[in-house]
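The next block is entry.cif, given as mmCIF, C-alpha atoms.
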```cif
data_coords
#
loop_
_atom_site.label_atom_id
_atom_site.label_comp_id
_atom_site.auth_asym_id
_atom_site.auth_seq_id
_atom_site.Cartn_x
_atom_site.Cartn_y
_atom_site.Cartn_z
CA MET A 1 0.00 0.00 0.00
CA LYS A 2 1.38 3.42 -0.95
CA ASN A 3 1.69 6.28 1.50
CA PRO A 4 1.44 9.54 -0.50
CA ALA A 5 3.25 11.60 2.11
CA ILE A 6 6.98 11.46 1.44
CA GLY A 7 9.12 12.27 4.46
CA ALA A 8 12.77 13.04 4.82
CA LEU A 9 15.26 10.45 3.67
CA VAL A 10 16.94 8.40 6.35
CA CYS A 11 20.57 7.55 5.59
CA LEU A 12 21.81 4.26 6.88
CA LEU A 13 25.59 4.34 6.78
CA ALA A 14 27.67 1.20 6.43
CA VAL A 15 29.75 0.01 9.34
CA ALA A 16 33.47 0.74 9.27
CA GLY A 17 35.57 -1.52 7.10
CA VAL A 18 33.00 -2.45 4.44
CA MET A 19 33.00 -1.25 0.84
CA PRO A 20 31.90 2.40 0.34
CA ILE A 21 29.20 1.32 -2.12
CA GLN A 22 27.06 0.31 0.86
CA ALA A 23 24.79 3.24 1.76
CA GLN A 24 21.25 2.10 2.56
CA GLN A 25 18.43 4.64 2.90
CA MET A 26 14.66 4.97 3.04
CA THR A 27 12.05 7.59 3.74
CA ASP A 28 10.69 7.88 7.27
CA ASP A 29 7.16 6.90 6.20
CA ALA A 30 5.41 4.34 8.37
CA VAL A 31 4.36 2.45 5.23
CA HIS A 32 6.53 2.05 2.15
CA SER A 33 5.59 1.31 -1.44
CA GLN A 34 6.94 -1.37 -3.73
CA TYR A 35 6.47 0.96 -6.68
CA LEU A 36 8.67 3.55 -8.34
CA LEU A 37 8.43 6.85 -6.42
CA ALA A 38 9.73 9.53 -8.80
CA VAL A 39 11.64 10.23 -12.00
CA ASP A 40 14.91 12.12 -11.52
CA GLU A 41 15.98 12.56 -15.15
CA TYR A 42 14.32 12.22 -18.53
CA VAL A 43 16.71 12.65 -21.47
CA PRO A 44 15.23 10.87 -24.50
CA ALA A 45 16.82 10.51 -27.92
CA PRO A 46 14.81 11.58 -30.98
CA GLY A 47 11.95 9.29 -31.90
CA GLN A 48 8.41 9.04 -33.24
CA PHE A 49 6.83 9.18 -29.75
CA ILE A 50 9.03 11.95 -28.33
CA ASN A 51 7.19 15.14 -27.29
CA ASP A 52 4.07 12.96 -27.13
CA LEU A 53 4.84 10.36 -24.39
CA PRO A 54 4.79 12.52 -22.29
CA VAL A 55 3.41 15.57 -24.09
CA PHE A 56 5.76 18.57 -24.40
CA GLU A 57 4.16 22.01 -24.02
CA THR A 58 5.70 25.42 -24.58
CA GLY A 59 7.60 26.45 -21.48
CA ASP A 60 8.45 22.92 -20.35
CA ASP A 61 11.98 22.33 -19.12
CA ALA A 62 13.91 19.33 -17.81
CA ALA A 63 12.24 19.57 -14.39
CA SER A 64 8.68 19.79 -15.69
CA MET A 65 9.25 16.95 -18.16
CA ALA A 66 10.64 14.79 -15.35
CA ALA A 67 7.53 15.68 -13.31
CA LYS A 68 5.31 14.61 -16.21
CA CYS A 69 7.18 11.31 -16.33
CA THR A 70 6.61 10.89 -12.58
CA ALA A 71 2.89 11.49 -13.10
CA ALA A 72 2.88 8.91 -15.90
CA ILE A 73 4.85 5.98 -14.45
CA ALA A 74 5.18 6.38 -10.66
CA GLY A 75 3.05 4.39 -8.26
CA ASP A 76 0.65 1.49 -8.69
CA TYR A 77 0.09 0.35 -12.28
CA SER A 78 -3.66 0.29 -11.64
CA ASP A 79 -3.85 4.02 -10.87
CA ASP A 80 -6.22 5.83 -13.24
CA ASP A 81 -3.48 8.31 -14.23
CA HIS A 82 -0.85 5.65 -14.93
CA SER A 83 0.59 5.72 -18.45
CA MET A 84 4.00 5.20 -20.07
CA ILE A 85 6.94 7.15 -21.47
CA SER A 86 9.12 6.67 -24.54
CA LEU A 87 12.92 6.93 -24.55
CA GLY A 88 13.37 7.40 -28.31
CA GLY A 89 16.29 5.96 -30.26
CA PHE A 90 19.59 4.56 -29.00
CA GLY A 91 20.83 6.08 -25.75
CA GLY A 92 17.70 7.96 -24.68
CA TYR A 93 17.21 7.39 -20.96
CA VAL A 94 15.15 7.81 -17.81
CA THR A 95 16.43 7.70 -14.22
CA PHE A 96 14.15 6.96 -11.26
CA HIS A 97 14.13 5.95 -7.60
CA PHE A 98 11.93 4.32 -4.97
CA ASP A 99 11.13 5.43 -1.40
CA HIS A 100 13.78 3.00 -0.15
CA SER A 101 16.95 1.27 -1.25
CA ILE A 102 16.32 -2.02 -3.04
CA ALA A 103 18.17 -4.89 -1.40
CA ASN A 104 20.14 -7.44 -3.38
CA ILE A 105 18.64 -10.68 -2.05
CA ALA A 106 20.82 -13.70 -2.81
CA GLY A 107 19.37 -16.07 -5.35
CA GLU A 108 16.43 -13.80 -6.25
CA ARG A 109 15.58 -11.22 -8.87
CA ASP A 110 15.21 -7.90 -7.11
CA PHE A 111 13.09 -5.46 -9.12
CA CYS A 112 10.84 -5.52 -12.16
CA ILE A 113 10.53 -2.93 -14.94
CA ARG A 114 7.40 -2.93 -17.06
CA GLY A 115 7.30 -1.81 -20.70
CA ASN A 116 4.92 -2.33 -23.60
CA SER A 117 6.51 -5.33 -25.31
CA MET A 118 4.09 -7.88 -26.72
CA GLN A 119 4.02 -11.30 -28.36
CA SER A 120 3.39 -11.41 -32.11
CA LEU A 121 -0.23 -12.35 -32.75
CA MET A 122 0.46 -13.26 -36.35
CA PHE A 123 3.35 -15.57 -35.40
CA PRO A 124 2.51 -16.80 -31.88
CA GLU A 125 4.83 -19.77 -32.37
CA VAL A 126 8.00 -17.62 -32.33
CA GLU A 127 9.67 -15.95 -29.36
CA GLY A 128 9.16 -12.40 -30.51
CA GLY A 129 6.81 -9.61 -31.39
CA ALA A 130 7.38 -6.01 -30.28
CA SER A 131 10.62 -6.24 -28.31
CA GLU A 132 12.54 -2.98 -27.85
CA PRO A 133 15.17 -3.87 -25.25
CA GLY A 134 16.45 -1.19 -22.92
CA ILE A 135 19.75 -1.49 -21.07
CA VAL A 136 19.34 -1.28 -17.28
CA MET A 137 21.84 0.45 -14.98
CA VAL A 138 21.94 0.78 -11.20
CA SER A 139 23.63 3.18 -8.78
CA LYS A 140 24.19 3.73 -5.06
CA ASP A 141 23.70 7.12 -3.40
CA VAL A 142 27.17 6.93 -1.89
CA ASN A 143 27.44 10.67 -1.18
CA HIS A 144 23.96 10.82 0.40
CA ASN A 145 22.76 13.84 -1.59
CA ASN A 146 19.64 12.18 -3.10
CA LEU A 147 20.97 12.80 -6.61
CA PRO A 148 21.93 10.20 -9.25
CA ASP A 149 25.51 11.45 -9.48
CA ASP A 150 27.41 8.44 -8.11
CA PRO A 151 29.03 5.60 -10.11
CA TRP A 152 26.73 3.65 -12.41
CA TYR A 153 26.88 -0.07 -13.12
CA GLU A 154 25.32 -1.83 -16.08
CA ILE A 155 23.18 -4.94 -15.72
CA SER A 156 24.77 -7.61 -17.90
CA GLY A 157 21.97 -9.20 -19.90
CA SER A 158 21.79 -12.35 -22.00
CA ALA A 159 23.25 -10.75 -25.14
CA ASP A 160 26.63 -10.68 -23.41
CA VAL A 161 26.73 -14.48 -23.58
CA ASP A 162 24.33 -15.22 -26.45
CA SER A 163 25.73 -12.71 -28.96
CA VAL A 164 29.46 -12.63 -28.25
CA GLY A 165 31.19 -10.46 -30.84
CA LYS A 166 27.93 -8.83 -31.92
CA VAL A 167 27.35 -6.53 -28.96
CA ILE A 168 29.05 -3.14 -29.42
CA TYR A 169 30.45 -1.80 -26.16
CA ASN A 170 31.41 1.87 -25.77
CA TYR A 171 29.10 2.80 -28.62
CA GLU A 172 28.51 6.52 -29.12
CA ILE A 173 25.89 8.29 -31.23
CA THR A 174 25.19 11.97 -31.90
CA TYR A 175 21.83 13.33 -33.10
CA THR A 176 21.56 16.72 -34.83
CA GLU A 177 18.47 18.92 -34.77
CA ALA A 178 16.48 19.18 -38.02
CA PRO A 179 13.08 20.72 -37.19
CA MET A 180 10.15 18.73 -38.62
CA GLN A 181 12.51 16.64 -40.75
CA ASP A 182 14.27 13.29 -40.44
CA ILE A 183 16.79 13.56 -37.59
CA PRO A 184 20.39 12.87 -38.74
CA TRP A 185 22.78 10.82 -36.63
CA THR A 186 26.43 9.77 -36.77
CA ASP A 187 28.28 7.28 -34.57
CA ASN A 188 31.81 6.49 -33.48
CA LYS A 189 31.95 3.44 -35.76
CA GLY A 190 31.74 5.44 -38.98
CA GLY A 191 28.01 4.92 -39.32
CA SER A 192 25.35 7.49 -40.15
CA GLY A 193 21.64 7.61 -40.83
CA VAL A 194 18.41 9.29 -39.81
CA VAL A 195 15.51 8.82 -37.43
CA GLU A 196 12.81 8.79 -40.08
CA ARG A 197 9.54 10.67 -39.81
CA ASN A 198 6.33 8.83 -40.67
CA THR A 199 2.70 9.63 -41.39
CA PHE A 200 1.43 8.36 -38.04
CA HIS A 201 3.23 10.87 -35.80
CA ALA A 202 3.23 14.46 -36.98
CA GLN A 203 4.93 16.21 -34.01
CA GLU A 204 8.60 17.19 -33.80
CA TYR A 205 10.79 14.12 -33.14
CA PHE A 206 13.72 15.92 -31.44
CA PRO A 207 13.05 16.57 -27.69
CA GLN A 208 12.05 20.23 -27.75
CA TRP A 209 13.19 21.15 -24.24
CA LEU A 210 16.75 20.00 -25.04
CA SER A 211 19.24 21.72 -27.33
CA GLY A 212 21.25 19.78 -29.88
CA PRO A 213 23.39 18.10 -30.75
CA LEU A 214 22.63 15.22 -28.36
CA THR A 215 25.31 12.58 -27.73
CA PHE A 216 24.73 9.28 -25.95
CA LYS A 217 27.18 6.53 -25.01
CA GLY A 218 26.55 2.95 -23.96
CA THR A 219 26.15 -0.67 -25.01
CA ARG A 220 24.51 -1.28 -28.38
CA LEU A 221 22.66 -4.57 -28.66
CA PRO A 222 22.64 -6.54 -31.95
CA GLN A 223 19.66 -6.14 -34.25
CA ASN A 224 16.72 -8.35 -33.33
CA GLY A 225 14.35 -7.86 -36.27
CA TRP A 226 13.37 -10.69 -38.63
CA TYR A 227 10.89 -10.70 -41.51
CA PHE A 228 8.72 -13.80 -41.15
CA VAL A 229 6.74 -15.18 -44.10
CA SER A 230 4.41 -18.18 -43.89
CA GLY A 231 1.74 -18.44 -46.58
CA THR A 232 -0.28 -15.24 -46.36
CA ARG A 233 1.30 -14.30 -43.03
CA LYS A 234 4.01 -11.66 -43.38
CA GLN A 235 5.40 -9.53 -40.56
CA TRP A 236 8.51 -7.92 -39.12
CA VAL A 237 9.09 -9.49 -35.70
CA LEU A 238 11.43 -8.13 -33.04
CA MET A 239 12.77 -11.16 -31.21
CA PHE A 240 12.91 -11.43 -27.42
CA LEU A 241 16.24 -11.63 -25.60
CA ARG A 242 16.49 -14.19 -22.80
CA TYR A 243 16.95 -11.93 -19.77
CA GLY A 244 18.32 -8.72 -18.31
CA TYR A 245 16.50 -5.91 -20.19
CA ALA A 246 13.52 -3.58 -19.96
CA ASP A 247 10.67 -3.58 -22.52
CA ASN A 248 11.96 -6.87 -23.87
CA VAL A 249 9.20 -9.41 -23.12
CA PRO A 250 5.48 -8.98 -22.28
CA ASN A 251 4.65 -7.79 -18.76
CA SER A 252 2.81 -11.06 -18.16
CA ASN A 253 6.27 -12.65 -18.02
CA GLU A 254 7.31 -10.98 -14.75
CA ASP A 255 10.43 -13.11 -14.40
CA GLY A 256 11.54 -12.03 -17.88
CA CYS A 257 10.96 -8.37 -16.98
CA SER A 258 12.89 -8.67 -13.72
CA ILE A 259 16.45 -7.78 -12.81
CA ASP A 260 18.93 -9.37 -10.41
CA ILE A 261 21.25 -6.74 -8.94
CA SER A 262 23.93 -9.45 -8.89
CA TRP A 263 24.15 -9.12 -12.69
CA ALA A 264 25.77 -5.66 -12.34
CA VAL A 265 29.16 -5.11 -13.97
CA ASP A 266 31.61 -2.20 -14.03
CA GLU A 267 32.99 -0.35 -17.06
CA ASN A 268 35.45 -3.23 -17.63
CA ARG A 269 32.56 -5.74 -17.66
CA GLN A 270 33.71 -7.17 -14.34
CA PRO A 271 31.11 -8.24 -11.73
CA VAL A 272 30.32 -5.72 -8.98
CA SER A 273 29.11 -6.65 -5.50
CA LEU A 274 26.23 -4.38 -4.48
CA ASP A 275 24.12 -4.97 -1.39
CA PHE A 276 21.55 -2.26 -2.25
CA VAL A 277 20.79 0.17 -5.10
CA ASP A 278 19.12 3.59 -4.87
CA PHE A 279 18.72 4.69 -8.50
CA VAL A 280 17.78 2.82 -11.67
CA ARG A 281 18.38 4.03 -15.21
CA VAL A 282 17.00 2.57 -18.44
CA TYR A 283 18.24 3.55 -21.90
CA THR A 284 17.34 2.33 -25.37
CA GLY A 285 19.88 -0.33 -26.33
CA MET A 286 19.10 -0.65 -30.05
CA ASN A 287 19.92 1.51 -33.06
CA GLN A 288 17.72 0.08 -35.78
CA THR A 289 14.75 0.92 -38.00
CA TYR A 290 12.32 -1.43 -39.73
CA PRO A 291 9.51 -0.86 -42.27
CA GLN A 292 6.10 -0.30 -40.67
CA LEU A 293 7.76 -0.14 -37.24
CA GLY A 294 10.03 2.89 -37.41
CA GLU A 295 12.95 3.24 -35.01
CA THR A 296 13.27 0.89 -32.06
CA SER A 297 12.54 2.89 -28.90
CA THR A 298 12.28 1.51 -25.38
CA GLU A 299 9.11 2.38 -23.47
CA VAL A 300 8.76 2.32 -19.68
CA VAL A 301 5.43 1.80 -17.87
CA GLY A 302 6.74 1.58 -14.31
CA ALA A 303 8.80 -0.47 -11.87
CA HIS A 304 8.45 -2.26 -8.56
CA ASP A 305 10.54 -3.87 -5.83
CA LEU A 306 9.99 -7.63 -5.97
CA HIS A 307 10.63 -8.06 -2.23
CA LEU A 308 9.59 -4.89 -0.41
CA ASP A 309 9.58 -6.43 3.08
CA ALA A 310 13.01 -7.98 2.57
CA SER A 311 14.43 -4.65 1.39
CA ILE A 312 13.01 -2.75 4.39
CA ASN A 313 14.13 -5.43 6.84
CA ALA A 314 17.64 -5.44 5.36
CA ILE A 315 17.84 -1.65 5.67
CA ILE A 316 16.72 -1.73 9.30
CA ALA A 317 19.11 -4.57 10.10
CA SER A 318 22.04 -2.58 8.72
CA GLY A 319 21.62 0.06 11.45
CA ILE A 320 20.42 3.69 11.31
CA ASN A 321 23.15 6.26 11.91
CA GLY A 322 21.34 9.52 11.16
CA VAL A 323 18.42 11.29 9.53
CA TYR A 324 19.11 12.72 6.09
CA GLY A 325 17.64 16.21 5.67
CA ASN A 326 16.20 16.15 9.21
CA GLY A 327 12.66 16.39 7.83
CA LYS A 328 13.04 20.08 6.91
CA ALA A 329 12.86 19.88 3.12
CA THR A 330 10.93 22.75 1.53
CA GLU A 331 8.88 22.96 -1.64
CA THR A 332 10.80 24.33 -4.64
CA ALA A 333 8.31 23.74 -7.47
CA ARG A 334 4.77 22.46 -7.98
CA TYR A 335 3.17 20.94 -11.09
CA SER A 336 -0.29 19.80 -12.11
CA ALA A 337 -0.93 16.21 -13.22
CA ASP A 338 -0.09 17.08 -16.85
CA GLY A 339 3.25 18.61 -15.83
CA THR A 340 2.25 22.28 -16.08
CA ARG A 341 4.02 24.35 -13.44
CA ILE A 342 1.55 26.01 -11.02
CA ALA A 343 2.04 28.75 -8.44
CA LYS A 344 -0.25 27.33 -5.75
CA PRO A 345 -2.13 24.14 -4.89
CA GLN A 346 -4.97 23.23 -7.24
CA ARG A 347 -7.62 20.51 -7.06
CA GLY A 348 -6.56 17.05 -8.13
CA LEU A 349 -3.08 15.56 -8.38
CA ASN A 350 -0.24 17.95 -7.48
CA ILE A 351 3.40 16.97 -8.05
CA ILE A 352 5.79 18.74 -5.68
CA ARG A 353 9.59 18.87 -6.04
CA MET A 354 11.35 19.35 -2.68
CA SER A 355 14.64 21.03 -1.79
CA ASP A 356 16.19 17.67 -0.86
CA GLY A 357 15.60 16.32 -4.39
CA THR A 358 12.58 14.18 -3.58
CA VAL A 359 9.25 14.41 -5.39
CA ARG A 360 5.84 14.14 -3.72
CA LYS A 361 2.51 13.24 -5.32
CA VAL A 362 -0.39 14.66 -3.32
CA TYR A 363 -4.12 14.97 -3.99
CA VAL A 364 -5.79 18.29 -3.22
CA LYS A 365 -9.55 18.18 -2.61
#
```

Whole structure given in structure tokens:
Amino acid sequence: MKNPAIGALVCLLAVAGVMPIQAQQMTDDAVHSQYLLAVDEYVPAPGQFINDLPVFETGDDAASMAAKCTAAIAGDYSDDDHSMISLGGFGGYVTFHFDHSIANIAGERDFCIRGNSMQSLMFPEVEGGASEPGIVMVSKDVNHNNLPDDPWYEISGSADVDSVGKVIYNYEITYTEAPMQDIPWTDNKGGSGVVERNTFHAQEYFPQWLSGPLTFKGTRLPQNGWYFVSGTRKQWVLMFLRYGYADNVPNSNEDGCSIDISWAVDENRQPVSLDFVDFVRVYTGMNQTYPQLGETSTEVVGAHDLHLDASINAIIASGINGVYGNGKATETARYSADGTRIAKPQRGLNIIRMSDGTVRKVYVK
């Protein structure tokens, strides 16, 4: 059950002698939620759903777009206002956090990320459909400032063992603005191309609150599209990967949508031992375009801790050494449910950004 009142963060410092990556924390709420609490960053790459999921309006900036993402994907999936966001082409990302650190429970998958992947209805016999895999990264709030500015670690998914030699590590792509036209891109492998416009989505494809050029770096997954033909059945199918990605398999396959923190690796692809994580980032891991489908762009619907009680118990067991922020955070900005900045409370859902970096969702009657 979700408590809408978000208190000050409680920092739980690791005991002397252990690795500095251990830095458990949680809000001081009496009841905690398994669901994503707030979006910290939303930096999408160009794509056919950008400026539409969520909707950009004149005057929006990075903060208001992040607030719109919070309104769309935070909390219980069954909420009436729950929606999804698009990350655009390769590299576009979203960063979010929960109201507590997520514990790495041995032998279990730790959190689940929902997207909008689906099984092909025309070819139900194949393991594929609309799969747009997003790379998942995790981070610890080592410096206790409630910001996602500490080291990041990538979750090593199945492509690392299933597609050896085909995954491109340290891939880099740069998109250039071209208002209401195809968006050009170049990469560090000598490649170039465009994010093509289509007749289904008429808005600008370059994120309008960001200035170009936009450069993204990360792991590029191998292409997963195949054109299947069987009698009168013909369809492009994006094949599922086995594990370790967001928006890869249908949400009905919770195990396939779930992540084990133990899969984290460092920049040298070496395993990293993390007891908890505080921030999660998802970025589009594909750079590909197919007829009738357009560019591959990861979508995110939400996320949840797969073992809320175990996470909270592990935090408590680690020992509380102080209260972060001391409960004196002040309001710095307020937004309506659609992300429009407002000067005072208004009826309905209000999204409030606090001075300690947290975001509150409150209902005003």

Open item on the list: For a quick check of your reading of the model, name the residues lying within 7 Å of the coordinate (7.9, 0.4, -6.1), counting all atoms listed in the file, and write them as a list of chain:residue names.
Closed with: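 Using all atoms listed in the file, the matching residues come out as A:Ser33, A:Gln34, A:Tyr35, A:Leu36, A:Leu37, A:Gly75, A:Phe98, A:Ala303, A:His304, A:Asp305.
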
Task: Explicit residues for the PyMOL selection byres ((chain A and resi 334) around 8) (as a VMD selection string) - done: chain A and resid 331 to 333 335 to 336 341 to 345 350 to 353

Open item on the list: For a quick check of understanding, using only C-alpha atoms, which of A:Ala178, A:Ile173, A:Val55, A:Met118 has the smallest distance to A:Pro133?
Closed with: A:Met118

Select, counting all atoms listed in the file, all protein, DNA and RNA residues no farther than 12 Å from (-1.3, -11.6, -34.8) in file coordinates, and express the selection as a compact mmCIF listing (two decimals) with C-alpha atoms, in the coordinates of the input.
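As written to disk, selection_14.txt reads:
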```txt
# COMPACT_ATOMS: atom_id res chain seq x y z
CA MET A 118 4.09 -7.88 -26.72
CA GLN A 119 4.02 -11.30 -28.36
CA SER A 120 3.39 -11.41 -32.11
CA LEU A 121 -0.23 -12.35 -32.75
CA MET A 122 0.46 -13.26 -36.35
CA PHE A 123 3.35 -15.57 -35.40
CA PRO A 124 2.51 -16.80 -31.88
CA GLU A 125 4.83 -19.77 -32.37
CA VAL A 126 8.00 -17.62 -32.33
CA GLY A 128 9.16 -12.40 -30.51
CA GLY A 129 6.81 -9.61 -31.39
CA ALA A 130 7.38 -6.01 -30.28
CA ARG A 233 1.30 -14.30 -43.03
CA LYS A 234 4.01 -11.66 -43.38
CA GLN A 235 5.40 -9.53 -40.56
CA TRP A 236 8.51 -7.92 -39.12
CA VAL A 237 9.09 -9.49 -35.70
```

Sorted per-residue table, stretch 205-324 of chain A near stretch 43-46 of chain A, closest atoms and distance, 7 Å, all atoms listed in the file, as a Markdown table:
```
| residue | atom | partner | partner_atom | distance |
| --- | --- | --- | --- | --- |
| A:Tyr205 | CA | A:Pro46 | CA | 5.2 |
| A:Phe206 | CA | A:Pro46 | CA | 4.5 |
| A:Pro207 | CA | A:Pro46 | CA | 6.2 |
```

- [ ] Please identify all polymer residues within 12 Å of A:Leu238, counting only C-alpha atoms, omitting same-chain residues fewer than 2 positions from it, and present them as a PyMOL selection string.
- [x] chain A and resi 117-120+123+126-133+222-228+235-236+240-241+247-249+286+288-291+293-297

Open item on the list: Rounded to one decimal, what separation in Å do you get between atom CA of A:Asp60 and atom CA of A:Leu210?
Closed with: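 Those two atoms sit 10.0 Å apart.
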
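The two atoms in question, atom CA of A:Val195 and atom CA of A:Gly89, are spaced 7.8 Å apart.
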
- [ ] I need the residue set behind the PyMOL selection byres ((chain A and resi 176) around 10) for this file; please write it as an MDAnalysis selection string.
- [x] chainID A and resid 46 174:175 177:179 182:186 194 206 211:215

TODO: Can you give me, as a list of chain:residue names, the residues this file yields under the PyMOL selection byres ((chain A and resi 51) around 9)?
DONE: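 For this structure, the PyMOL selection byres ((chain A and resi 51) around 9) captures A:Gly47, A:Gln48, A:Phe49, A:Ile50, A:Asp52, A:Leu53, A:Pro54, A:Val55, A:Phe56, A:Glu57, A:Gln203, A:Glu204, A:Tyr205, A:Phe206, A:Pro207, A:Gln208.
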
With C-alpha atoms retained, write the just-selected residues as a compact mmCIF listing (two decimals), in the coordinates of the input.
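Contents of out_36.txt, as written:
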```txt
# COMPACT_ATOMS: atom_id res chain seq x y z
CA GLY A 47 11.95 9.29 -31.90
CA GLN A 48 8.41 9.04 -33.24
CA PHE A 49 6.83 9.18 -29.75
CA ILE A 50 9.03 11.95 -28.33
CA ASP A 52 4.07 12.96 -27.13
CA LEU A 53 4.84 10.36 -24.39
CA PRO A 54 4.79 12.52 -22.29
CA VAL A 55 3.41 15.57 -24.09
CA PHE A 56 5.76 18.57 -24.40
CA GLU A 57 4.16 22.01 -24.02
CA GLN A 203 4.93 16.21 -34.01
CA GLU A 204 8.60 17.19 -33.80
CA TYR A 205 10.79 14.12 -33.14
CA PHE A 206 13.72 15.92 -31.44
CA PRO A 207 13.05 16.57 -27.69
CA GLN A 208 12.05 20.23 -27.75
```

Give me stretch 266-282 of chain A with N, CA and C atoms filled in, as a tab-separated table (two decimals), in the coordinates of the input.
```tsv
chain	number	residue	atom	x	y	z
A	266	ASP	N	31.01	-3.53	-13.93
A	266	ASP	CA	31.61	-2.20	-14.03
A	266	ASP	C	31.97	-1.90	-15.47
A	267	GLU	N	32.67	-0.79	-15.69
A	267	GLU	CA	32.99	-0.35	-17.06
A	267	GLU	C	33.92	-1.32	-17.78
A	268	ASN	N	34.58	-2.21	-17.03
A	268	ASN	CA	35.45	-3.23	-17.63
A	268	ASN	C	34.73	-4.57	-17.76
A	269	ARG	N	33.43	-4.56	-17.57
A	269	ARG	CA	32.56	-5.74	-17.66
A	269	ARG	C	32.89	-6.76	-16.59
A	270	GLN	N	33.42	-6.29	-15.46
A	270	GLN	CA	33.71	-7.17	-14.34
A	270	GLN	C	32.57	-7.10	-13.32
A	271	PRO	N	32.20	-8.23	-12.70
A	271	PRO	CA	31.11	-8.24	-11.73
A	271	PRO	C	31.35	-7.27	-10.58
A	272	VAL	N	30.27	-6.66	-10.09
A	272	VAL	CA	30.32	-5.72	-8.98
A	272	VAL	C	29.43	-6.26	-7.87
A	273	SER	N	29.90	-6.20	-6.64
A	273	SER	CA	29.11	-6.65	-5.50
A	273	SER	C	28.38	-5.47	-4.88
A	274	LEU	N	27.07	-5.45	-5.03
A	274	LEU	CA	26.23	-4.38	-4.48
A	274	LEU	C	25.21	-4.99	-3.53
A	275	ASP	N	25.11	-4.46	-2.32
A	275	ASP	CA	24.12	-4.97	-1.39
A	275	ASP	C	22.77	-4.29	-1.57
A	276	PHE	N	22.76	-3.04	-2.00
A	276	PHE	CA	21.55	-2.26	-2.25
A	276	PHE	C	21.79	-1.36	-3.46
A	277	VAL	N	20.70	-0.90	-4.10
A	277	VAL	CA	20.79	0.17	-5.10
A	277	VAL	C	19.73	1.22	-4.78
A	278	ASP	N	20.02	2.48	-5.15
A	278	ASP	CA	19.12	3.59	-4.87
A	278	ASP	C	18.50	4.19	-6.12
A	279	PHE	N	19.22	4.13	-7.24
A	279	PHE	CA	18.72	4.69	-8.50
A	279	PHE	C	18.79	3.64	-9.59
A	280	VAL	N	17.82	3.70	-10.50
A	280	VAL	CA	17.78	2.82	-11.67
A	280	VAL	C	17.69	3.69	-12.91
A	281	ARG	N	18.44	3.32	-13.92
A	281	ARG	CA	18.38	4.03	-15.21
A	281	ARG	C	18.10	3.01	-16.31
A	282	VAL	N	17.28	3.40	-17.27
A	282	VAL	CA	17.00	2.57	-18.44
A	282	VAL	C	17.28	3.40	-19.67
```
